[in-house]
Amino acid sequence: MDLGISESPTPLQATRDWVVFILGSVLCGLAMLVIEPWLLSAKGGFGPTILQAAHPVAAGVALLMALIVCVFIGATAGRILKSPNKGLVVIGIGIGWLAWRLQGIETIAYNGTLKPVAIETLVWSVLMFGITILVYMVAGPLRYVQSRESKVGTNPLGEINWDHWASSPAAAKLMAAGLCAIPVAGFFAASPMRGQAVAAVTMAGVVVGLVGRLVAPHIQPVLLTTAMMLAGALTQWGISFMVPADELPVIFAQGQLPHLLYPMPIDWAAGALMGVPWGLYAGNAFLHHEDDDGQVAQAA
């Protein structure tokens with residue numbers, strides 16, 4: 001019986017798992033790169049947001065179709081690898097691949113305003129919720145989440161031995177854990193360079209996952225990625241009232257733009273999907289998983 005205890009895979013199984021993970025990541029990346037031409041803006045650059053595209057509706061439809069393909073790939077990979085976390089990382093790598101190739105905050109500073117950026121991050125929050133739900137439905141729950149009745153949870157997502165993923169006090173703790181992304185992203189986003197912006201929110205995701213795992217160890221962490229995205233959207237929305245739109249180019253040129261504005265909406269999405277699962281995994285190092293005989297079990 002599967003108690004959520006990780007068993008050492010055979011060399012053949014480990015090789016298969018790596019092949020599935022790498023292949024899924026590459027396929028998701030290619031699916032996202034296909035839509036890059038649709039993100040061409042009226043100024044001639046690519047991105048960094050859907051609303052900056054020359055044809056926002058067409059760009060939005062193209063992005064949605066690419067995400068459907070990525071969710072199918074990621075959920076299938078998660079099912080094969082028996083881990084929704086790995087499925088989410090596969091999708092995150094694909095989104096991050098596209099995010100790294102798009103333009104950054106400089107395009108917004110000289111040719112746009114901040115409020116649409118916050119709105120797009122909010123839309124990504126809704127998409128993130130749907131992506132996470134679908135991956136968990138297909139791949140199954142995290143096996144190392146401890147239940148209230150037994151040492152290790154084994155029941156499907158939503159059964160009563162775990163805290164309810166959406167309506168329990170633990171779910172509120174997960175939503176609060178998303179706020180940890182704000183100081184971490186602001187600290188690591190030292191420049192508007194695309195790689196650094198994506199890396200900053202990925203590090204923020206790791207911290208969110210770690211904190212969420214520690215404060216709510218008896219719940220499937222379905223809401224963590226959404227919580228992080230909402231924190232990013234609210235931060236961008238709040239800062240948009242503090243930075244006058246007509247002074248935005250000057251503030252950016254002088255290097256005085258708040259660093260939390262460097263990551264774009266797609267960066268937050270990629271960082272949440274890549275970082276939160278790693279943070280959840282790291283959180284297991286601080287928690288004991290014991291079977292019925294009291295033996296310490298290594299988390300899957």
# chains A, B, ... in the order shown; residues from 1 in each chain; ligands from 1
call {"tool": "select_by_dssp", "arguments": {"residues": "range 25-253 of chain A", "states": "helix (DSSP H, G or I)", "output": "CSV table (one decimal) with N, CA and C atoms, in the first residue's frame"}}
result
chain,number,residue,atom,x,y,z
A,25,SER,N,9.5,19.4,-20.6
A,25,SER,CA,9.9,20.8,-20.5
A,25,SER,C,10.2,21.4,-21.9
A,26,VAL,N,10.9,20.6,-22.7
A,26,VAL,CA,11.2,21.0,-24.0
A,26,VAL,C,9.9,21.2,-24.9
A,27,LEU,N,9.0,20.3,-24.8
A,27,LEU,CA,7.8,20.4,-25.5
A,27,LEU,C,6.9,21.6,-25.1
A,28,CYS,N,6.9,21.9,-23.8
A,28,CYS,CA,6.2,23.1,-23.3
A,28,CYS,C,6.9,24.3,-23.8
A,29,GLY,N,8.2,24.3,-23.7
A,29,GLY,CA,8.9,25.5,-24.2
A,29,GLY,C,8.6,25.8,-25.7
A,30,LEU,N,8.6,24.7,-26.5
A,30,LEU,CA,8.3,24.9,-27.9
A,30,LEU,C,6.9,25.4,-28.2
A,31,ALA,N,6.0,24.9,-27.4
A,31,ALA,CA,4.6,25.3,-27.5
A,31,ALA,C,4.4,26.8,-27.2
A,32,MET,N,5.2,27.3,-26.2
A,32,MET,CA,5.1,28.7,-25.9
A,32,MET,C,5.9,29.5,-26.9
A,33,LEU,N,7.0,29.0,-27.5
A,33,LEU,CA,7.7,29.8,-28.4
A,33,LEU,C,6.9,30.0,-29.7
A,36,GLU,N,5.2,33.3,-30.0
A,36,GLU,CA,6.0,34.6,-29.8
A,36,GLU,C,5.6,35.6,-30.9
A,37,PRO,N,5.5,35.2,-32.2
A,37,PRO,CA,5.1,36.2,-33.2
A,37,PRO,C,3.8,37.0,-32.9
A,38,TRP,N,2.9,36.3,-32.2
A,38,TRP,CA,1.6,37.0,-31.9
A,38,TRP,C,1.8,38.1,-30.8
A,39,LEU,N,2.9,38.1,-30.1
A,39,LEU,CA,3.2,39.1,-29.1
A,39,LEU,C,3.9,40.3,-29.6
A,50,ILE,N,0.5,40.9,-22.9
A,50,ILE,CA,-0.5,40.7,-23.9
A,50,ILE,C,-1.1,42.0,-24.4
A,51,LEU,N,-1.3,42.9,-23.4
A,51,LEU,CA,-1.9,44.2,-23.7
A,51,LEU,C,-1.0,45.1,-24.5
A,52,GLN,N,0.3,44.8,-24.5
A,52,GLN,CA,1.2,45.6,-25.3
A,52,GLN,C,1.3,45.1,-26.8
A,56,PRO,N,-4.1,42.5,-29.3
A,56,PRO,CA,-4.2,41.8,-28.0
A,56,PRO,C,-5.2,40.6,-27.9
A,57,VAL,N,-6.3,40.7,-28.6
A,57,VAL,CA,-7.2,39.6,-28.6
A,57,VAL,C,-6.6,38.4,-29.3
A,58,ALA,N,-6.0,38.5,-30.4
A,58,ALA,CA,-5.3,37.4,-31.1
A,58,ALA,C,-4.2,36.9,-30.2
A,59,ALA,N,-3.4,37.8,-29.6
A,59,ALA,CA,-2.3,37.3,-28.7
A,59,ALA,C,-2.9,36.5,-27.5
A,60,GLY,N,-4.0,37.0,-26.9
A,60,GLY,CA,-4.6,36.3,-25.8
A,60,GLY,C,-5.1,34.9,-26.2
A,61,VAL,N,-5.7,34.8,-27.3
A,61,VAL,CA,-6.2,33.5,-27.8
A,61,VAL,C,-5.0,32.6,-28.0
A,62,ALA,N,-4.0,33.1,-28.7
A,62,ALA,CA,-2.8,32.3,-28.9
A,62,ALA,C,-2.2,31.8,-27.6
A,63,LEU,N,-2.1,32.7,-26.6
A,63,LEU,CA,-1.5,32.3,-25.4
A,63,LEU,C,-2.4,31.2,-24.7
A,64,LEU,N,-3.7,31.4,-24.7
A,64,LEU,CA,-4.6,30.4,-24.1
A,64,LEU,C,-4.4,29.0,-24.7
A,65,MET,N,-4.3,29.0,-26.1
A,65,MET,CA,-4.2,27.7,-26.7
A,65,MET,C,-2.8,27.1,-26.4
A,66,ALA,N,-1.8,27.9,-26.3
A,66,ALA,CA,-0.5,27.3,-25.9
A,66,ALA,C,-0.5,26.8,-24.5
A,67,LEU,N,-1.2,27.5,-23.6
A,67,LEU,CA,-1.3,27.0,-22.2
A,67,LEU,C,-2.1,25.7,-22.1
A,68,ILE,N,-3.1,25.6,-22.9
A,68,ILE,CA,-3.9,24.3,-22.9
A,68,ILE,C,-2.9,23.2,-23.3
A,69,VAL,N,-2.1,23.4,-24.3
A,69,VAL,CA,-1.1,22.4,-24.7
A,69,VAL,C,-0.2,22.1,-23.6
A,70,CYS,N,0.3,23.1,-23.0
A,70,CYS,CA,1.3,23.0,-21.9
A,70,CYS,C,0.7,22.2,-20.7
A,71,VAL,N,-0.6,22.6,-20.4
A,71,VAL,CA,-1.2,21.9,-19.2
A,71,VAL,C,-1.4,20.4,-19.5
A,72,PHE,N,-1.7,20.1,-20.8
A,72,PHE,CA,-1.9,18.7,-21.2
A,72,PHE,C,-0.5,18.0,-21.0
A,73,ILE,N,0.6,18.6,-21.5
A,73,ILE,CA,1.9,18.0,-21.3
A,73,ILE,C,2.3,17.9,-19.9
A,74,GLY,N,2.1,19.0,-19.1
A,74,GLY,CA,2.6,19.0,-17.7
A,74,GLY,C,1.8,18.0,-16.9
A,75,ALA,N,0.5,18.0,-17.1
A,75,ALA,CA,-0.4,17.1,-16.3
A,75,ALA,C,0.0,15.6,-16.6
A,76,THR,N,0.2,15.3,-17.9
A,76,THR,CA,0.6,14.0,-18.3
A,76,THR,C,2.0,13.6,-17.7
A,77,ALA,N,2.9,14.5,-17.7
A,77,ALA,CA,4.2,14.3,-17.1
A,77,ALA,C,4.1,14.1,-15.6
A,78,GLY,N,3.2,14.9,-14.9
A,78,GLY,CA,3.0,14.7,-13.5
A,78,GLY,C,2.4,13.4,-13.2
A,79,ARG,N,1.5,12.9,-14.1
A,79,ARG,CA,0.8,11.6,-13.9
A,79,ARG,C,1.9,10.5,-14.0
A,80,ILE,N,2.7,10.6,-15.0
A,80,ILE,CA,3.8,9.5,-15.2
A,80,ILE,C,4.8,9.6,-14.0
A,81,LEU,N,5.1,10.8,-13.6
A,81,LEU,CA,6.1,10.9,-12.5
A,81,LEU,C,5.5,10.8,-11.1
A,84,PRO,N,2.3,16.0,-8.9
A,84,PRO,CA,1.8,17.2,-9.5
A,84,PRO,C,2.9,18.4,-9.5
A,85,ASN,N,3.7,18.4,-8.5
A,85,ASN,CA,4.8,19.4,-8.4
A,85,ASN,C,5.7,19.3,-9.7
A,86,LYS,N,6.1,18.1,-10.1
A,86,LYS,CA,6.9,18.0,-11.3
A,86,LYS,C,6.2,18.4,-12.5
A,87,GLY,N,4.9,18.2,-12.6
A,87,GLY,CA,4.1,18.6,-13.7
A,87,GLY,C,4.0,20.1,-13.8
A,88,LEU,N,3.9,20.8,-12.6
A,88,LEU,CA,3.9,22.2,-12.6
A,88,LEU,C,5.2,22.8,-13.0
A,89,VAL,N,6.3,22.2,-12.6
A,89,VAL,CA,7.6,22.7,-13.0
A,89,VAL,C,7.8,22.6,-14.5
A,90,VAL,N,7.3,21.5,-15.1
A,90,VAL,CA,7.4,21.3,-16.5
A,90,VAL,C,6.7,22.5,-17.2
A,91,ILE,N,5.5,22.8,-16.8
A,91,ILE,CA,4.8,24.0,-17.4
A,91,ILE,C,5.6,25.3,-17.2
A,92,GLY,N,6.1,25.4,-15.9
A,92,GLY,CA,6.8,26.7,-15.6
A,92,GLY,C,8.0,26.9,-16.4
A,93,ILE,N,8.7,25.8,-16.7
A,93,ILE,CA,9.9,25.9,-17.6
A,93,ILE,C,9.5,26.4,-19.0
A,94,GLY,N,8.4,25.9,-19.5
A,94,GLY,CA,8.0,26.3,-20.8
A,94,GLY,C,7.6,27.8,-20.8
A,95,ILE,N,6.9,28.2,-19.8
A,95,ILE,CA,6.5,29.6,-19.7
A,95,ILE,C,7.7,30.5,-19.5
A,96,GLY,N,8.6,30.1,-18.7
A,96,GLY,CA,9.8,30.8,-18.4
A,96,GLY,C,10.7,31.0,-19.7
A,97,TRP,N,10.7,29.9,-20.5
A,97,TRP,CA,11.5,30.0,-21.8
A,97,TRP,C,11.0,31.2,-22.6
A,98,LEU,N,9.7,31.3,-22.7
A,98,LEU,CA,9.1,32.4,-23.5
A,98,LEU,C,9.4,33.7,-22.8
A,99,ALA,N,9.2,33.8,-21.5
A,99,ALA,CA,9.3,35.0,-20.7
A,99,ALA,C,10.8,35.6,-20.9
A,100,TRP,N,11.7,34.7,-20.9
A,100,TRP,CA,13.1,35.1,-21.0
A,100,TRP,C,13.4,35.8,-22.3
A,101,ARG,N,12.6,35.5,-23.4
A,101,ARG,CA,12.8,36.1,-24.7
A,101,ARG,C,12.1,37.4,-25.0
A,105,ILE,N,10.5,45.6,-18.5
A,105,ILE,CA,9.8,46.8,-18.0
A,105,ILE,C,10.1,48.1,-18.8
A,106,GLU,N,11.2,48.1,-19.5
A,106,GLU,CA,11.6,49.3,-20.2
A,106,GLU,C,10.5,49.6,-21.3
A,107,THR,N,9.9,48.6,-21.8
A,107,THR,CA,8.9,48.8,-22.8
A,107,THR,C,7.7,49.5,-22.2
A,108,ILE,N,7.3,49.1,-21.0
A,108,ILE,CA,6.2,49.7,-20.3
A,108,ILE,C,6.5,51.1,-19.9
A,109,ALA,N,7.8,51.3,-19.4
A,109,ALA,CA,8.2,52.6,-18.9
A,109,ALA,C,8.1,53.7,-20.0
A,110,TYR,N,8.4,53.3,-21.2
A,110,TYR,CA,8.5,54.3,-22.3
A,110,TYR,C,7.2,54.3,-23.2
A,111,ASN,N,6.4,53.2,-23.1
A,111,ASN,CA,5.3,53.1,-24.1
A,111,ASN,C,4.0,52.7,-23.4
A,115,LYS,N,-0.9,50.2,-14.6
A,115,LYS,CA,-2.2,49.6,-14.2
A,115,LYS,C,-2.5,48.4,-15.1
A,116,PRO,N,-2.4,48.5,-16.4
A,116,PRO,CA,-2.7,47.3,-17.2
A,116,PRO,C,-1.8,46.1,-16.9
A,117,VAL,N,-0.5,46.4,-16.4
A,117,VAL,CA,0.4,45.3,-16.0
A,117,VAL,C,-0.2,44.6,-14.8
A,118,ALA,N,-0.7,45.3,-13.9
A,118,ALA,CA,-1.3,44.7,-12.7
A,118,ALA,C,-2.5,43.9,-13.0
A,119,ILE,N,-3.3,44.4,-14.0
A,119,ILE,CA,-4.5,43.7,-14.4
A,119,ILE,C,-4.2,42.4,-15.1
A,120,GLU,N,-3.1,42.4,-15.9
A,120,GLU,CA,-2.7,41.2,-16.6
A,120,GLU,C,-2.2,40.2,-15.6
A,121,THR,N,-1.5,40.6,-14.6
A,121,THR,CA,-1.0,39.7,-13.5
A,121,THR,C,-2.2,39.1,-12.8
A,122,LEU,N,-3.2,39.9,-12.6
A,122,LEU,CA,-4.4,39.3,-11.9
A,122,LEU,C,-5.1,38.3,-12.8
A,123,VAL,N,-5.1,38.5,-14.1
A,123,VAL,CA,-5.6,37.5,-15.1
A,123,VAL,C,-4.8,36.2,-15.0
A,124,TRP,N,-3.5,36.4,-14.9
A,124,TRP,CA,-2.6,35.2,-14.8
A,124,TRP,C,-2.9,34.5,-13.5
A,125,SER,N,-3.3,35.2,-12.5
A,125,SER,CA,-3.7,34.5,-11.2
A,125,SER,C,-4.8,33.6,-11.4
A,126,VAL,N,-5.8,34.0,-12.2
A,126,VAL,CA,-7.0,33.1,-12.5
A,126,VAL,C,-6.5,31.9,-13.3
A,127,LEU,N,-5.7,32.2,-14.3
A,127,LEU,CA,-5.1,31.1,-15.1
A,127,LEU,C,-4.3,30.1,-14.3
A,128,MET,N,-3.6,30.7,-13.3
A,128,MET,CA,-2.7,29.9,-12.5
A,128,MET,C,-3.6,28.9,-11.6
A,129,PHE,N,-4.7,29.4,-11.1
A,129,PHE,CA,-5.6,28.6,-10.3
A,129,PHE,C,-6.1,27.4,-11.2
A,130,GLY,N,-6.5,27.7,-12.4
A,130,GLY,CA,-7.0,26.7,-13.3
A,130,GLY,C,-5.9,25.7,-13.6
A,131,ILE,N,-4.7,26.1,-13.9
A,131,ILE,CA,-3.6,25.3,-14.3
A,131,ILE,C,-3.3,24.3,-13.1
A,132,THR,N,-3.2,24.8,-11.9
A,132,THR,CA,-2.9,24.0,-10.8
A,132,THR,C,-4.0,23.0,-10.5
A,133,ILE,N,-5.2,23.4,-10.6
A,133,ILE,CA,-6.3,22.4,-10.3
A,133,ILE,C,-6.3,21.3,-11.3
A,134,LEU,N,-6.1,21.6,-12.6
A,134,LEU,CA,-6.1,20.6,-13.6
A,134,LEU,C,-4.9,19.6,-13.4
A,135,VAL,N,-3.8,20.1,-13.1
A,135,VAL,CA,-2.6,19.3,-12.9
A,135,VAL,C,-2.8,18.4,-11.7
A,136,TYR,N,-3.3,18.9,-10.6
A,136,TYR,CA,-3.6,18.0,-9.5
A,136,TYR,C,-4.7,17.0,-9.8
A,137,MET,N,-5.7,17.3,-10.6
A,137,MET,CA,-6.7,16.4,-10.9
A,137,MET,C,-6.2,15.2,-11.7
A,138,VAL,N,-5.2,15.5,-12.6
A,138,VAL,CA,-4.7,14.4,-13.5
A,138,VAL,C,-3.6,13.7,-12.8
A,139,ALA,N,-2.6,14.4,-12.2
A,139,ALA,CA,-1.4,13.8,-11.6
A,139,ALA,C,-1.7,13.2,-10.2
A,169,PRO,N,-8.9,26.6,7.6
A,169,PRO,CA,-8.0,27.6,8.1
A,169,PRO,C,-6.6,27.5,7.5
A,170,ALA,N,-6.2,26.3,7.2
A,170,ALA,CA,-4.9,26.0,6.6
A,170,ALA,C,-4.8,26.7,5.2
A,171,ALA,N,-6.0,26.7,4.5
A,171,ALA,CA,-6.0,27.3,3.2
A,171,ALA,C,-5.8,28.8,3.3
A,172,ALA,N,-6.3,29.4,4.3
A,172,ALA,CA,-6.0,30.8,4.6
A,172,ALA,C,-4.6,31.1,4.9
A,173,LYS,N,-3.9,30.2,5.6
A,173,LYS,CA,-2.5,30.3,5.8
A,173,LYS,C,-1.7,30.2,4.5
A,174,LEU,N,-2.1,29.4,3.6
A,174,LEU,CA,-1.4,29.3,2.3
A,174,LEU,C,-1.6,30.6,1.6
A,175,MET,N,-2.8,31.2,1.6
A,175,MET,CA,-2.9,32.5,0.9
A,175,MET,C,-2.1,33.6,1.5
A,176,ALA,N,-1.9,33.5,2.9
A,176,ALA,CA,-1.1,34.5,3.5
A,176,ALA,C,0.4,34.3,3.2
A,177,ALA,N,0.8,33.0,3.0
A,177,ALA,CA,2.2,32.7,2.7
A,177,ALA,C,2.6,33.3,1.3
A,178,GLY,N,1.6,33.6,0.5
A,178,GLY,CA,1.9,34.2,-0.8
A,178,GLY,C,2.5,35.6,-0.7
A,179,LEU,N,2.2,36.2,0.4
A,179,LEU,CA,2.8,37.6,0.7
A,179,LEU,C,4.3,37.6,0.9
A,180,CYS,N,4.8,36.4,1.2
A,180,CYS,CA,6.3,36.3,1.3
A,180,CYS,C,7.0,36.6,0.0
A,181,ALA,N,6.3,36.5,-1.1
A,181,ALA,CA,7.0,36.7,-2.4
A,181,ALA,C,7.4,38.2,-2.6
A,182,ILE,N,6.7,39.1,-1.9
A,182,ILE,CA,6.9,40.5,-2.2
A,182,ILE,C,8.3,40.9,-1.7
A,183,PRO,N,8.7,40.7,-0.5
A,183,PRO,CA,10.1,41.2,-0.1
A,183,PRO,C,11.2,40.4,-0.9
A,184,VAL,N,10.9,39.1,-1.1
A,184,VAL,CA,12.0,38.3,-1.7
A,184,VAL,C,12.2,38.7,-3.2
A,185,ALA,N,11.1,38.9,-3.9
A,185,ALA,CA,11.2,39.4,-5.3
A,185,ALA,C,11.8,40.7,-5.4
A,186,GLY,N,11.4,41.6,-4.5
A,186,GLY,CA,12.0,43.0,-4.5
A,186,GLY,C,13.5,42.9,-4.2
A,187,PHE,N,14.0,42.0,-3.4
A,187,PHE,CA,15.4,41.9,-3.0
A,187,PHE,C,16.2,41.4,-4.2
A,188,PHE,N,15.7,40.3,-4.8
A,188,PHE,CA,16.5,39.7,-5.9
A,188,PHE,C,16.4,40.4,-7.2
A,194,ARG,N,16.1,40.4,-18.2
A,194,ARG,CA,15.0,39.4,-18.2
A,194,ARG,C,15.4,38.2,-17.4
A,195,GLY,N,16.6,37.7,-17.5
A,195,GLY,CA,17.0,36.5,-16.7
A,195,GLY,C,16.9,36.8,-15.2
A,196,GLN,N,17.3,38.0,-14.8
A,196,GLN,CA,17.3,38.3,-13.4
A,196,GLN,C,15.9,38.4,-12.9
A,197,ALA,N,15.0,39.0,-13.7
A,197,ALA,CA,13.6,39.2,-13.3
A,197,ALA,C,12.9,37.8,-13.1
A,198,VAL,N,13.1,36.9,-14.0
A,198,VAL,CA,12.5,35.6,-13.9
A,198,VAL,C,13.1,34.9,-12.7
A,199,ALA,N,14.5,35.0,-12.5
A,199,ALA,CA,15.1,34.3,-11.4
A,199,ALA,C,14.6,34.9,-10.0
A,200,ALA,N,14.4,36.2,-10.0
A,200,ALA,CA,13.9,36.8,-8.7
A,200,ALA,C,12.6,36.2,-8.3
A,201,VAL,N,11.6,36.1,-9.2
A,201,VAL,CA,10.3,35.6,-8.8
A,201,VAL,C,10.4,34.1,-8.6
A,202,THR,N,11.3,33.4,-9.2
A,202,THR,CA,11.5,32.0,-8.9
A,202,THR,C,12.0,31.8,-7.5
A,203,MET,N,12.9,32.6,-7.1
A,203,MET,CA,13.4,32.6,-5.7
A,203,MET,C,12.3,32.9,-4.8
A,204,ALA,N,11.4,33.9,-5.1
A,204,ALA,CA,10.3,34.2,-4.3
A,204,ALA,C,9.3,33.0,-4.2
A,205,GLY,N,9.2,32.3,-5.3
A,205,GLY,CA,8.3,31.1,-5.3
A,205,GLY,C,8.9,30.0,-4.4
A,206,VAL,N,10.2,29.9,-4.3
A,206,VAL,CA,10.8,28.9,-3.4
A,206,VAL,C,10.5,29.2,-2.0
A,207,VAL,N,10.6,30.5,-1.6
A,207,VAL,CA,10.3,30.9,-0.3
A,207,VAL,C,8.8,30.7,0.1
A,208,VAL,N,8.0,31.1,-0.9
A,208,VAL,CA,6.5,30.9,-0.7
A,208,VAL,C,6.2,29.4,-0.4
A,209,GLY,N,6.8,28.6,-1.3
A,209,GLY,CA,6.5,27.1,-1.1
A,209,GLY,C,7.0,26.6,0.3
A,210,LEU,N,8.2,27.1,0.6
A,210,LEU,CA,8.8,26.6,1.9
A,210,LEU,C,7.9,27.1,3.1
A,211,VAL,N,7.6,28.4,3.1
A,211,VAL,CA,6.7,28.9,4.2
A,211,VAL,C,5.4,28.2,4.2
A,212,GLY,N,4.8,28.0,3.0
A,212,GLY,CA,3.5,27.4,3.0
A,212,GLY,C,3.5,26.0,3.5
A,213,ARG,N,4.6,25.2,3.2
A,213,ARG,CA,4.7,23.9,3.6
A,213,ARG,C,4.8,23.8,5.2
A,214,LEU,N,5.5,24.8,5.7
A,214,LEU,CA,5.8,24.7,7.2
A,214,LEU,C,4.5,25.2,8.0
A,215,VAL,N,3.8,26.2,7.5
A,215,VAL,CA,2.7,26.7,8.2
A,215,VAL,C,1.4,25.9,8.0
A,224,LEU,N,-1.2,27.7,-3.4
A,224,LEU,CA,0.1,28.5,-3.2
A,224,LEU,C,0.5,29.3,-4.4
A,225,THR,N,0.4,28.7,-5.6
A,225,THR,CA,0.8,29.4,-6.8
A,225,THR,C,-0.1,30.6,-7.1
A,226,THR,N,-1.4,30.4,-6.8
A,226,THR,CA,-2.3,31.5,-7.0
A,226,THR,C,-2.1,32.6,-6.0
A,227,ALA,N,-1.8,32.2,-4.8
A,227,ALA,CA,-1.6,33.2,-3.7
A,227,ALA,C,-0.4,34.1,-4.1
A,228,MET,N,0.7,33.5,-4.6
A,228,MET,CA,1.8,34.2,-5.0
A,228,MET,C,1.5,35.2,-6.1
A,229,MET,N,0.7,34.8,-7.1
A,229,MET,CA,0.4,35.6,-8.2
A,229,MET,C,-0.5,36.8,-7.8
A,230,LEU,N,-1.4,36.5,-6.8
A,230,LEU,CA,-2.2,37.6,-6.3
A,230,LEU,C,-1.4,38.6,-5.6
A,231,ALA,N,-0.4,38.2,-4.8
A,231,ALA,CA,0.5,39.1,-4.1
A,231,ALA,C,1.2,40.0,-5.1
A,232,GLY,N,1.7,39.4,-6.2
A,232,GLY,CA,2.4,40.2,-7.2
A,232,GLY,C,1.4,41.2,-7.9
A,233,ALA,N,0.2,40.8,-8.2
A,233,ALA,CA,-0.8,41.7,-8.8
A,233,ALA,C,-1.1,42.9,-7.9
A,234,LEU,N,-1.4,42.6,-6.6
A,234,LEU,CA,-1.7,43.6,-5.7
A,234,LEU,C,-0.6,44.6,-5.5
A,235,THR,N,0.6,44.1,-5.5
A,235,THR,CA,1.8,44.9,-5.3
A,235,THR,C,1.9,45.9,-6.5
A,236,GLN,N,1.8,45.3,-7.7
A,236,GLN,CA,1.9,46.2,-8.9
A,236,GLN,C,0.8,47.2,-8.9
A,237,TRP,N,-0.4,46.8,-8.5
A,237,TRP,CA,-1.5,47.7,-8.5
A,237,TRP,C,-1.3,48.9,-7.5
A,238,GLY,N,-0.8,48.5,-6.3
A,238,GLY,CA,-0.5,49.6,-5.3
A,238,GLY,C,0.6,50.5,-5.8
A,239,ILE,N,1.6,50.0,-6.4
A,239,ILE,CA,2.7,50.9,-6.8
A,239,ILE,C,2.3,51.8,-8.0
A,240,SER,N,1.3,51.3,-8.8
A,240,SER,CA,0.9,52.1,-9.9
A,240,SER,C,0.3,53.4,-9.5
A,241,PHE,N,-0.2,53.5,-8.3
A,241,PHE,CA,-0.8,54.7,-7.8
A,241,PHE,C,0.3,55.6,-7.2
A,242,MET,N,1.5,55.1,-6.9
A,242,MET,CA,2.6,55.8,-6.3
A,242,MET,C,3.5,56.4,-7.4
A,245,ALA,N,2.2,58.4,-14.1
A,245,ALA,CA,2.4,57.8,-15.4
A,245,ALA,C,3.2,58.7,-16.3
A,246,ASP,N,3.1,60.0,-16.2
A,246,ASP,CA,3.8,60.9,-17.0
A,246,ASP,C,5.3,61.0,-16.6
A,247,GLU,N,5.6,60.6,-15.4
A,247,GLU,CA,7.0,60.6,-14.9
A,247,GLU,C,7.7,59.3,-15.0
A,248,LEU,N,7.0,58.3,-15.5
A,248,LEU,CA,7.5,56.9,-15.5
A,248,LEU,C,8.8,56.8,-16.3
A,249,PRO,N,8.9,57.4,-17.5
A,249,PRO,CA,10.1,57.3,-18.3
A,249,PRO,C,11.3,57.9,-17.6
A,250,VAL,N,11.1,59.0,-16.9
A,250,VAL,CA,12.2,59.7,-16.2
A,250,VAL,C,12.6,58.8,-15.0
A,251,ILE,N,11.7,58.3,-14.3
A,251,ILE,CA,12.0,57.5,-13.1
A,251,ILE,C,12.7,56.3,-13.5
A,252,PHE,N,12.3,55.7,-14.6
A,252,PHE,CA,13.0,54.5,-15.0
A,252,PHE,C,14.5,54.8,-15.5
A,253,ALA,N,14.6,55.9,-16.2
A,253,ALA,CA,15.9,56.3,-16.7
A,253,ALA,C,16.9,56.6,-15.6
call {"tool": "select_by_dssp", "arguments": {"residues": "range 8-257 of chain A", "states": "strand (DSSP E or B)", "output": "VMD selection string"}}
result
chain A and resid 40 to 41 46 53 163 219
call {"tool": "write_last_selection", "arguments": {"atoms": "N, CA and C atoms", "output": "PDB file, in the first residue's frame"}}
result
ATOM      1  N   LEU A  40       4.056  40.391 -30.914  1.00  0.00           N
ATOM      2  CA  LEU A  40       4.714  41.554 -31.506  1.00  0.00           C
ATOM      3  C   LEU A  40       3.895  42.810 -31.213  1.00  0.00           C
ATOM      4  N   SER A  41       4.564  43.815 -30.672  1.00  0.00           N
ATOM      5  CA  SER A  41       3.874  45.055 -30.322  1.00  0.00           C
ATOM      6  C   SER A  41       3.898  46.031 -31.492  1.00  0.00           C
ATOM      7  N   PHE A  46       8.799  42.367 -28.988  1.00  0.00           N
ATOM      8  CA  PHE A  46       7.952  41.256 -28.554  1.00  0.00           C
ATOM      9  C   PHE A  46       7.637  41.410 -27.068  1.00  0.00           C
ATOM     10  N   ALA A  53       0.664  43.908 -27.056  1.00  0.00           N
ATOM     11  CA  ALA A  53       0.706  43.343 -28.404  1.00  0.00           C
ATOM     12  C   ALA A  53      -0.093  44.214 -29.370  1.00  0.00           C
ATOM     13  N   ASP A 163      -6.709  18.615   5.598  1.00  0.00           N
ATOM     14  CA  ASP A 163      -7.442  19.876   5.673  1.00  0.00           C
ATOM     15  C   ASP A 163      -7.941  20.228   4.275  1.00  0.00           C
ATOM     16  N   ILE A 219      -2.276  20.033   4.361  1.00  0.00           N
ATOM     17  CA  ILE A 219      -3.178  20.435   3.286  1.00  0.00           C
ATOM     18  C   ILE A 219      -2.472  20.294   1.948  1.00  0.00           C
TER      19      ILE A 219
END
call {"tool": "atom_distance", "arguments": {"atom1": "CA of Ala282 in chain A", "atom2": "CA of Pro221 in chain A"}}
result
13.8 Å
call {"tool": "closest_residue", "arguments": {"among": "A:Ala54, A:Leu142, A:Val34, A:Val222", "to": "Asn284 in chain A", "atoms": "only C-alpha atoms"}}
result
A:Leu142
call {"tool": "closest_residue", "arguments": {"among": "A:Ala166, A:Leu223, A:Leu257, A:Met264", "to": "Val276 in chain A", "atoms": "only C-alpha atoms"}}
result
A:Leu223
call {"tool": "decode", "arguments": {"residues": "range 161-165 of chain A", "atoms": "N, CA and C atoms", "output": "compact mmCIF listing (two decimals), in the first residue's frame"}}
result
# COMPACT_ATOMS: atom_id res chain seq x y z
N ASN A 161 -9.33 13.37 5.41
CA ASN A 161 -8.16 13.18 6.26
C ASN A 161 -7.14 14.29 6.10
N TRP A 162 -7.27 15.11 5.04
CA TRP A 162 -6.47 16.31 4.89
C TRP A 162 -7.34 17.54 5.16
N ASP A 163 -6.71 18.61 5.60
CA ASP A 163 -7.44 19.88 5.67
C ASP A 163 -7.94 20.23 4.28
N HIS A 164 -9.16 20.74 4.21
CA HIS A 164 -9.73 21.05 2.90
C HIS A 164 -8.87 22.08 2.19
N TRP A 165 -8.59 21.83 0.93
CA TRP A 165 -7.63 22.66 0.20
C TRP A 165 -8.10 24.09 -0.04
